[in-house]
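Printed here is my_file.cif (mmCIF, C-alpha atoms and all ligand atoms):
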data_input
loop_
_atom_site.label_atom_id
_atom_site.label_comp_id
_atom_site.auth_asym_id
_atom_site.auth_seq_id
_atom_site.Cartn_x
_atom_site.Cartn_y
_atom_site.Cartn_z
CA MET A 1 -38.84 -84.73 14.34
CA ARG A 2 -37.34 -85.92 17.63
CA ALA A 3 -34.92 -83.81 19.66
CA LEU A 4 -33.25 -83.46 23.07
CA ILE A 5 -34.57 -80.35 24.77
CA LYS A 6 -33.70 -78.26 27.79
CA GLU A 7 -37.24 -77.46 28.89
CA SER A 8 -36.82 -75.41 32.05
CA PRO A 9 -34.06 -73.81 34.18
CA GLN A 10 -33.53 -76.84 36.42
CA PRO A 11 -31.59 -80.14 36.19
CA GLY A 12 -32.35 -82.54 33.34
CA ILE A 13 -33.02 -82.84 29.62
CA ALA A 14 -35.96 -84.39 27.73
CA TYR A 15 -36.40 -86.35 24.48
CA ARG A 16 -39.46 -84.95 22.69
CA ASP A 17 -41.35 -84.52 19.41
CA VAL A 18 -40.80 -81.02 18.06
CA PRO A 19 -41.72 -79.21 14.82
CA ASP A 20 -39.21 -79.50 11.95
CA PRO A 21 -36.98 -76.41 11.62
CA GLU A 22 -38.07 -73.64 9.29
CA LEU A 23 -35.87 -72.78 6.29
CA LYS A 24 -35.14 -69.02 6.23
CA PRO A 25 -33.23 -66.91 3.68
CA GLY A 26 -29.47 -67.23 4.09
CA HIS A 27 -29.82 -70.51 5.99
CA VAL A 28 -29.45 -74.21 5.27
CA ILE A 29 -31.06 -77.21 6.92
CA VAL A 30 -28.58 -79.84 8.06
CA ARG A 31 -29.56 -83.46 8.56
CA VAL A 32 -27.51 -84.18 11.68
CA LYS A 33 -25.08 -87.13 11.56
CA SER A 34 -23.24 -86.74 14.90
CA CYS A 35 -23.41 -84.29 17.79
CA GLY A 36 -20.96 -84.42 20.71
CA ILE A 37 -21.87 -83.79 24.36
CA SER A 38 -19.48 -81.09 25.61
CA GLY A 39 -18.52 -80.12 29.15
CA SER A 40 -20.65 -76.98 28.90
CA GLU A 41 -23.66 -79.10 27.99
CA ILE A 42 -23.11 -81.33 31.02
CA ALA A 43 -23.19 -78.10 33.10
CA ARG A 44 -26.48 -77.16 31.41
CA TYR A 45 -27.83 -80.66 32.09
CA ARG A 46 -26.85 -80.44 35.77
CA TRP A 47 -28.09 -76.81 36.05
CA THR A 48 -26.76 -76.30 39.57
CA ASP A 49 -27.65 -73.21 41.62
CA ALA A 50 -24.17 -71.83 40.90
CA TYR A 51 -24.72 -72.36 37.17
CA HIS A 52 -28.13 -70.69 37.35
CA ALA A 53 -26.61 -67.68 39.14
CA GLY A 54 -23.63 -67.51 36.78
CA GLY A 55 -23.50 -68.04 33.04
CA ALA A 56 -27.03 -69.32 32.49
CA LYS A 57 -29.10 -66.14 32.72
CA ASP A 58 -29.53 -65.59 28.96
CA MET A 59 -30.47 -69.18 28.29
CA SER A 60 -32.96 -69.28 31.21
CA ARG A 61 -35.12 -66.69 29.47
CA GLN A 62 -35.04 -68.54 26.13
CA LEU A 63 -36.18 -72.04 27.07
CA PRO A 64 -37.25 -74.49 25.78
CA ARG A 65 -34.19 -74.99 23.57
CA ILE A 66 -32.81 -77.88 21.49
CA MET A 67 -29.25 -78.26 22.83
CA GLY A 68 -26.13 -79.46 20.96
CA HIS A 69 -23.37 -77.35 19.40
CA GLU A 70 -20.67 -79.82 18.28
CA PHE A 71 -22.13 -81.35 15.14
CA SER A 72 -21.73 -82.44 11.57
CA GLY A 73 -24.16 -83.62 8.93
CA THR A 74 -25.44 -83.42 5.38
CA ILE A 75 -27.16 -80.40 3.86
CA ALA A 76 -30.81 -81.37 3.34
CA ALA A 77 -32.18 -78.02 2.05
CA VAL A 78 -30.75 -74.69 0.92
CA GLY A 79 -32.59 -71.43 1.64
CA PRO A 80 -33.09 -68.42 -0.66
CA GLY A 81 -29.94 -66.35 -1.20
CA VAL A 82 -27.49 -69.19 -0.53
CA ASP A 83 -25.44 -69.91 -3.66
CA ASN A 84 -22.31 -71.59 -2.28
CA ARG A 85 -23.93 -74.71 -0.77
CA SER A 86 -25.86 -77.64 -2.26
CA THR A 87 -28.00 -80.42 -0.87
CA GLY A 88 -25.86 -83.46 -0.10
CA ASP A 89 -22.79 -81.42 0.95
CA LEU A 90 -20.99 -82.92 3.99
CA VAL A 91 -20.50 -80.15 6.53
CA VAL A 92 -19.39 -79.33 10.07
CA ILE A 93 -21.11 -76.51 11.94
CA GLN A 94 -19.24 -73.58 13.49
CA SER A 95 -21.62 -72.82 16.35
CA VAL A 96 -20.82 -69.17 17.15
CA ILE A 97 -22.90 -66.59 15.27
CA GLY A 98 -21.68 -62.99 15.44
CA CYS A 99 -23.68 -59.88 14.52
CA GLY A 100 -21.28 -59.28 11.62
CA GLY A 101 -21.02 -55.55 12.28
CA CYS A 102 -19.13 -54.94 15.54
CA GLU A 103 -15.44 -54.44 16.25
CA SER A 104 -14.98 -58.09 17.35
CA CYS A 105 -16.78 -59.49 14.30
CA ASP A 106 -14.71 -57.23 12.00
CA ALA A 107 -11.59 -58.73 13.61
CA GLY A 108 -12.75 -62.31 12.92
CA LEU A 109 -13.64 -62.80 16.57
CA PRO A 110 -17.40 -63.57 16.72
CA ASN A 111 -16.55 -65.36 20.01
CA HIS A 112 -16.32 -61.85 21.51
CA CYS A 113 -19.32 -60.32 19.71
CA THR A 114 -21.46 -58.49 22.27
CA ASN A 115 -24.54 -59.90 20.50
CA ARG A 116 -23.09 -63.39 20.21
CA VAL A 117 -25.54 -66.21 19.56
CA THR A 118 -24.39 -69.77 20.20
CA ILE A 119 -26.17 -72.55 18.35
CA GLY A 120 -27.50 -75.01 20.94
CA VAL A 121 -27.67 -72.27 23.60
CA ASN A 122 -29.39 -69.17 22.16
CA ALA A 123 -30.60 -70.89 18.95
CA ASP A 124 -31.79 -74.46 18.40
CA GLY A 125 -28.93 -76.94 18.05
CA GLY A 126 -27.83 -80.34 16.87
CA PHE A 127 -29.37 -82.84 19.31
CA ALA A 128 -32.11 -83.34 16.71
CA GLU A 129 -32.71 -84.97 13.35
CA TYR A 130 -32.51 -81.60 11.56
CA CYS A 131 -31.14 -78.16 12.40
CA ALA A 132 -31.43 -74.82 10.55
CA VAL A 133 -28.19 -72.77 10.61
CA PRO A 134 -26.84 -69.72 8.76
CA ALA A 135 -25.03 -70.82 5.57
CA SER A 136 -21.98 -68.84 6.72
CA ASN A 137 -21.67 -71.17 9.75
CA VAL A 138 -21.29 -74.39 7.76
CA TYR A 139 -17.87 -75.57 6.53
CA ALA A 140 -17.11 -78.38 4.07
CA VAL A 141 -15.64 -81.46 5.73
CA PRO A 142 -12.10 -82.04 4.33
CA ALA A 143 -11.62 -85.00 1.98
CA GLY A 144 -10.72 -88.17 3.84
CA VAL A 145 -12.28 -87.08 7.15
CA ALA A 146 -15.26 -89.14 8.36
CA LEU A 147 -18.36 -87.05 9.03
CA GLU A 148 -18.61 -88.39 12.59
CA ASN A 149 -15.01 -87.32 13.32
CA ALA A 150 -15.64 -83.84 11.93
CA ALA A 151 -18.21 -83.40 14.72
CA LEU A 152 -15.26 -83.28 17.16
CA LEU A 153 -13.80 -80.16 15.53
CA GLN A 154 -15.09 -77.69 18.15
CA PRO A 155 -12.79 -78.69 21.06
CA PHE A 156 -9.98 -79.05 18.52
CA ALA A 157 -10.51 -75.43 17.42
CA ILE A 158 -10.55 -74.19 21.03
CA ALA A 159 -7.20 -75.97 21.47
CA ALA A 160 -5.79 -74.33 18.31
CA TYR A 161 -6.83 -70.90 19.59
CA SER A 162 -5.40 -71.62 23.06
CA LEU A 163 -1.99 -72.50 21.62
CA GLU A 164 -2.05 -69.26 19.60
CA ILE A 165 -3.01 -67.17 22.66
CA GLY A 166 -0.25 -68.94 24.64
CA GLY A 167 2.27 -68.10 21.91
CA ILE A 168 3.70 -71.62 22.00
CA ARG A 169 6.85 -71.98 19.89
CA PRO A 170 8.69 -75.13 18.71
CA GLY A 171 11.02 -76.48 21.38
CA GLU A 172 9.09 -75.03 24.32
CA ARG A 173 8.25 -77.20 27.31
CA ILE A 174 4.63 -77.10 28.42
CA GLY A 175 2.17 -78.80 30.78
CA VAL A 176 -1.59 -79.42 30.63
CA TRP A 177 -4.08 -79.74 33.53
CA GLY A 178 -7.15 -81.61 32.29
CA VAL A 179 -7.44 -84.34 29.66
CA GLY A 180 -10.98 -83.80 28.37
CA ALA A 181 -11.58 -83.18 24.68
CA ILE A 182 -9.86 -79.77 24.74
CA GLY A 183 -6.87 -80.99 26.78
CA VAL A 184 -6.26 -83.97 24.51
CA SER A 185 -6.62 -81.77 21.41
CA LEU A 186 -4.14 -79.28 22.88
CA ILE A 187 -1.62 -82.03 23.48
CA GLN A 188 -2.00 -83.38 19.93
CA GLN A 189 -1.51 -79.97 18.32
CA ALA A 190 1.31 -78.85 20.66
CA ILE A 191 3.31 -81.95 19.73
CA ILE A 192 2.60 -81.47 16.00
CA GLY A 193 3.84 -77.89 16.45
CA GLY A 194 7.15 -79.06 17.93
CA ALA A 195 6.57 -78.37 21.63
CA THR A 196 7.36 -80.92 24.35
CA VAL A 197 4.44 -81.78 26.61
CA GLU A 198 6.19 -82.49 29.91
CA PHE A 199 3.07 -83.39 31.89
CA ALA A 200 -0.66 -83.93 31.80
CA VAL A 201 -2.88 -84.13 34.89
CA GLY A 202 -6.21 -85.95 34.69
CA ARG A 203 -8.67 -88.19 36.51
CA ASP A 204 -9.43 -90.81 33.89
CA HIS A 205 -6.82 -93.56 33.45
CA GLY A 206 -7.95 -94.35 29.89
CA ARG A 207 -7.37 -90.76 28.83
CA LEU A 208 -4.04 -90.55 30.66
CA ASP A 209 -2.92 -93.73 28.82
CA ALA A 210 -4.07 -92.16 25.56
CA VAL A 211 -2.05 -88.97 26.02
CA ARG A 212 1.01 -90.98 27.08
CA GLN A 213 0.77 -92.71 23.68
CA LEU A 214 0.69 -89.29 22.05
CA GLY A 215 4.06 -88.48 23.65
CA VAL A 216 3.33 -86.79 27.01
CA ARG A 217 6.36 -87.45 29.24
CA HIS A 218 4.66 -87.64 32.65
CA THR A 219 0.99 -88.42 33.25
CA ILE A 220 -0.28 -87.67 36.74
CA SER A 221 -3.54 -88.96 38.18
CA ALA A 222 -5.55 -86.39 40.13
CA ASN A 223 -7.08 -89.32 42.06
CA ASP A 224 -3.85 -90.15 43.91
CA GLY A 225 -3.41 -87.15 46.21
CA ASP A 226 -2.50 -83.58 45.31
CA PRO A 227 -0.86 -83.49 41.83
CA SER A 228 0.91 -80.20 42.61
CA ARG A 229 3.36 -81.92 45.01
CA ARG A 230 4.37 -84.45 42.37
CA LEU A 231 4.73 -81.61 39.86
CA VAL A 232 7.09 -79.71 42.18
CA GLU A 233 9.21 -82.88 42.54
CA LEU A 234 9.35 -83.25 38.76
CA PHE A 235 9.72 -79.64 37.64
CA GLY A 236 10.56 -77.48 40.65
CA GLY A 237 14.20 -77.35 39.58
CA GLN A 238 13.63 -77.05 35.85
CA LYS A 239 10.67 -74.82 35.24
CA LEU A 240 8.37 -74.75 32.22
CA ASP A 241 7.55 -72.20 29.48
CA ALA A 242 3.75 -72.47 29.60
CA ILE A 243 1.01 -74.35 31.43
CA PHE A 244 -2.58 -74.76 30.22
CA GLU A 245 -5.43 -75.04 32.75
CA VAL A 246 -8.34 -76.90 31.12
CA SER A 247 -9.77 -78.68 34.17
CA GLY A 248 -11.59 -75.81 35.90
CA HIS A 249 -9.76 -76.81 39.11
CA THR A 250 -8.76 -73.47 40.65
CA PRO A 251 -5.72 -74.78 42.67
CA ALA A 252 -4.20 -75.79 39.30
CA ILE A 253 -3.54 -72.08 38.65
CA ASN A 254 -1.49 -71.70 41.84
CA SER A 255 0.43 -74.83 40.89
CA ALA A 256 1.03 -73.49 37.37
CA LEU A 257 2.33 -70.14 38.62
CA SER A 258 4.85 -71.93 40.86
CA LEU A 259 6.17 -74.07 37.98
CA LEU A 260 6.69 -71.40 35.32
CA LYS A 261 10.10 -69.99 34.44
CA ARG A 262 10.56 -66.21 34.23
CA ARG A 263 8.21 -64.66 31.65
CA GLY A 264 6.31 -67.96 31.49
CA ARG A 265 2.63 -68.09 30.58
CA ALA A 266 -0.37 -69.63 32.34
CA ILE A 267 -3.28 -70.05 29.91
CA LEU A 268 -6.72 -70.47 31.50
CA ILE A 269 -9.43 -72.21 29.47
CA GLY A 270 -11.47 -74.32 31.93
CA ASN A 271 -14.54 -72.80 33.58
CA LEU A 272 -13.28 -72.32 37.14
CA GLN A 273 -15.31 -74.03 39.85
CA GLU A 274 -14.51 -71.44 42.53
CA PRO A 275 -12.86 -68.00 42.89
CA PHE A 276 -9.09 -67.82 42.45
CA LYS A 277 -6.96 -66.42 45.30
CA ALA A 278 -3.20 -66.00 45.26
CA ASP A 279 -0.29 -63.82 46.33
CA LEU A 280 0.63 -62.50 42.88
CA LEU A 281 3.81 -60.69 43.94
CA PRO A 282 6.08 -63.64 42.97
CA ALA A 283 4.33 -63.71 39.58
CA ILE A 284 5.03 -60.00 39.13
CA MET A 285 8.67 -60.48 40.10
CA ASP A 286 8.99 -63.20 37.44
CA GLN A 287 6.87 -61.19 34.97
CA LEU A 288 4.52 -64.12 34.38
CA SER A 289 1.57 -63.76 32.01
CA ILE A 290 -1.89 -65.02 32.94
CA LEU A 291 -3.86 -65.38 29.71
CA THR A 292 -7.46 -66.43 29.18
CA VAL A 293 -9.29 -68.04 26.26
CA ARG A 294 -12.93 -68.05 25.23
CA THR A 295 -14.03 -70.33 22.36
CA TYR A 296 -11.99 -69.65 19.19
CA SER A 297 -11.32 -67.12 16.45
CA LEU A 298 -12.50 -67.89 12.91
CA ALA A 299 -8.82 -68.19 11.88
CA ALA A 300 -8.23 -70.83 14.59
CA TRP A 301 -11.40 -72.68 13.49
CA ARG A 302 -10.11 -72.81 9.89
CA ARG A 303 -6.63 -73.84 11.01
CA ALA A 304 -8.09 -76.68 13.11
CA LEU A 305 -10.25 -77.79 10.17
CA SER A 306 -7.17 -77.99 7.95
CA LEU A 307 -5.33 -80.10 10.59
CA LEU A 308 -8.18 -82.59 11.01
CA PRO A 309 -7.09 -85.06 8.27
CA ARG A 310 -3.71 -85.32 9.99
CA VAL A 311 -4.94 -86.22 13.46
CA GLN A 312 -8.20 -88.09 13.11
CA ASN A 313 -6.58 -91.52 13.13
CA GLN A 314 -3.70 -90.70 15.45
CA PRO A 315 -3.22 -93.08 18.39
CA GLY A 316 -4.42 -91.47 21.58
CA THR A 317 -7.38 -89.72 19.98
CA LEU A 318 -10.03 -89.33 22.61
CA PRO A 319 -12.11 -92.43 23.33
CA VAL A 320 -15.60 -91.83 21.95
CA GLU A 321 -18.85 -93.73 22.52
CA ARG A 322 -21.51 -93.26 19.86
CA VAL A 323 -25.07 -93.45 21.19
CA PRO A 324 -28.42 -93.16 19.35
CA LEU A 325 -30.10 -89.80 19.99
CA ALA A 326 -33.10 -91.71 21.40
CA GLU A 327 -30.81 -92.86 24.26
CA GLY A 328 -29.43 -89.35 24.77
CA VAL A 329 -31.03 -88.82 28.19
CA ALA A 330 -29.18 -91.88 29.56
CA ALA A 331 -25.93 -90.71 27.91
CA PHE A 332 -26.28 -87.34 29.68
CA GLN A 333 -26.82 -89.14 33.00
CA ARG A 334 -23.65 -91.18 32.43
CA ALA A 335 -21.62 -88.13 31.32
CA ALA A 336 -22.81 -86.12 34.34
CA SER A 337 -21.82 -88.99 36.68
CA GLY A 338 -18.21 -88.49 35.55
CA GLU A 339 -17.68 -91.35 33.10
CA GLY A 340 -14.41 -90.56 31.38
CA ILE A 341 -15.60 -90.89 27.83
CA LYS A 342 -16.76 -88.49 25.16
CA PHE A 343 -20.35 -89.22 24.14
CA VAL A 344 -21.49 -88.49 20.60
CA LEU A 345 -25.23 -88.67 19.87
CA GLU A 346 -26.48 -89.86 16.47
CA PRO A 347 -30.10 -89.36 15.32
ZN ZN B 401 -20.52 -58.72 16.38
#

Show how you would write the structure in this file as structure tokens.
Amino acid sequence: MRALIKESPQPGIAYRDVPDPELKPGHVIVRVKSCGISGSEIARYRWTDAYHAGGAKDMSRQLPRIMGHEFSGTIAAVGPGVDNRSTGDLVVIQSVIGCGGCESCDAGLPNHCTNRVTIGVNADGGFAEYCAVPASNVYAVPAGVALENAALLQPFAIAAYSLEIGGIRPGERIGVWGVGAIGVSLIQQAIIGGATVEFAVGRDHGRLDAVRQLGVRHTISANDGDPSRRLVELFGGQKLDAIFEVSGHTPAINSALSLLKRRGRAILIGNLQEPFKADLLPAIMDQLSILTVRTYSLAAWRRALSLLPRVQNQPGTLPVERVPLAEGVAAFQRAASGEGIKFVLEP
């Protein structure tokens, strides 16, 4: 079969012939329909020195690897010992595999398993015609949801988990820095949950227009000077309950801390591009909470799956460009150059 492969710990990705995946007990083989390119994959494509020194050490030792972790498809084969899945089932893949036996896995948090395996990072992923995955990592696509839309569940689940960690309640006023897939998903679910999204900061005008249609009160372009000044003008006198940082832009945290009311919450999701420095005494005086999020719990994944039929056709849903897998290398180049669109590859 053909697949997109990270071959070596340096920039780039390659489209190659590879052996078909092997069907093992407890696994299924999925014929991939759609696989999204995520922000973390763009970082793996770029493979900067900082990335190599930081989060990439495990993956460096395991290359070559078929990338891709946001995908959906049809079950093509069922391995021995799997009795709850059949060929032809339409499924979406939950990409985090826990050991199943540690404290985090017992708590439904394979995202924090110390032996965590991520499909597309530490196991071959979905930028391929076929992918072998544990049967326990495939979930039936809800009735009425298109298979290609189900592939976008991963950022939606991270957003569901982030809102839970942030403890967002109906009637609260929140803000969001970053309007990528996770930021847009956060905004959709916060509004469904009865919160008011007072602002969103982003670089891409198409995405800012999209979130305005969803009901965001103020959209602020990060291209027109420092957004934090505009935010102080808007909210300095009437502070907010919670602010989500999804952009990875470290100064956004300082801005968030200055805009939160007493006992407000800053929720950090984006991979920060540089170290964070601040005088935290004012935050202590106001008893602010700084919370962090990694991936999602299984409960948040299931909750997001159940919400999918309600949002998939909502105006403002992230603009997506579907590209044949054979043109995946060019799509990665475009994504890495900062084009403000979500690319989904289709074998
Ligand atoms: Zn575990």

#### Entry: Expected answer as a ChimeraX atom specification: residues within 6 Å of ligand ZN 401 (chain B), all atoms listed in the file
/A:98-102,104-105,110,113-115

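Using all atoms listed in the file, the set of residues no farther than 9 Å from the position (-2.5, -81.0, 28.7) comprises Ile174, Gly175, Val176, Trp177, Gly178, Val179, Gly180, Ile182, Gly183, Val184, Ser185, Leu186, Ile187, Val197, Glu198, Phe199, Ala200, Val201, Gly202, Val211, Val216, Ile243, Phe244, Glu245 and Val246 of chain A.
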
Give me, as CSV, each residue of range 138-231 of chain A that comes within 12 Å of range 24-37 of chain A, together with its shortest interatomic pair and the distance in Å at one decimal, counting all atoms listed in the file, with rows ordered by chain and rising residue number.
residue,atom,partner,partner_atom,distance
A:Val138,CA,A:Val28,CA,8.5
A:Tyr139,CA,A:Val30,CA,11.6
A:Ala146,CA,A:Lys33,CA,10.5
A:Leu147,CA,A:Lys33,CA,7.2
A:Glu148,CA,A:Ser34,CA,5.4
A:Asn149,CA,A:Ser34,CA,8.4
A:Ala150,CA,A:Ser34,CA,8.7
A:Ala151,CA,A:Ser34,CA,6.0
A:Leu152,CA,A:Gly36,CA,6.8
A:Leu153,CA,A:Gly36,CA,9.8
A:Gln154,CA,A:Gly36,CA,9.3
A:Pro155,CA,A:Gly36,CA,10.0
A:Gly180,CA,A:Ile37,CA,11.6
A:Ala181,CA,A:Gly36,CA,10.3

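Interatomic distance, CA of Ala76 in chain A to CA of Ala135 in chain A: 12.2 Å.
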
### Message
Counting only C-alpha atoms, which residues sit no farther than 7 Å from the position (-6.5, -71.0, 30.2) in the file's frame? I'd like them as a PyMOL selection string.
### Response
chain A and resi 244-246+266-270+291-293

### Task
Find the residue from A:Gln62, A:Asn84, A:Ser95, A:Thr196 that sits nearest to Arg217 in chain A; use all atoms listed in the file when measuring.
A:Thr196

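Reported to one decimal place, the separation of CA of Leu307 in chain A from CA of Gly194 in chain A is 14.5 Å.
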
### Message
So that I can see what lies close to range 250-261 of chain A, please list as number ranges by chain the residues with an atom at most 9 Å from it, counting all atoms listed in the file and leaving out residues fewer than 3 positions away in the same chain.
### Response
A: 175, 177, 227-229, 231-232, 235-245, 247, 264-268, 272-278, 280, 282-283, 286, 288, 290

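Excluding Ala157 in chain A itself and any same-chain residue fewer than 3 positions from it, the protein and nucleic acid residues within 7 Å of it, counting all atoms listed in the file, are Leu153, Gln154, Ala160, Tyr161, Tyr296, Ala300, Trp301 and Ala304 of chain A.
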
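Reported to one decimal place, the separation of CA of Arg303 in chain A from CA of Arg207 in chain A is 24.6 Å.
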
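Of the residues under consideration (A:Ala335, A:Val145, A:Ala326, A:Ile75), A:Ile75 shows the shortest atom-to-atom contact distance to Tyr130 in chain A when counting all atoms listed in the file.
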
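Checking A:Leu4, A:Ile158, A:Met67, A:Ala336 one by one against Arg46 in chain A, counting all atoms listed in the file, you find the shortest gap at A:Ala336.
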
Around all the atoms of range 181-186 of chain A listed in the file, with 5 Å of room on each side, what axis-aligned box do you get, giving centre and edge lengths in Å to one decimal, as lines of an AutoDock Vina configuration file?
center_x = -7.9
center_y = -81.6
center_z = 24.1
size_x = 17.4
size_y = 14.7
size_z = 15.4

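Among A:Ala159, A:Val82, A:Ala3, A:Ile165, the residue with the shortest atom-to-atom distance to Asp124 in chain A, counting only C-alpha atoms, is A:Ala3.
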
### Query
Could you pull the residues within 12 Å of Ala331 in chain A, counting all atoms listed in the file, minus those fewer than 3 positions along the same chain, as a PyMOL selection string?
chain A and resi 4+12-15+36-38+41-42+45+320-328+334-339+341-346
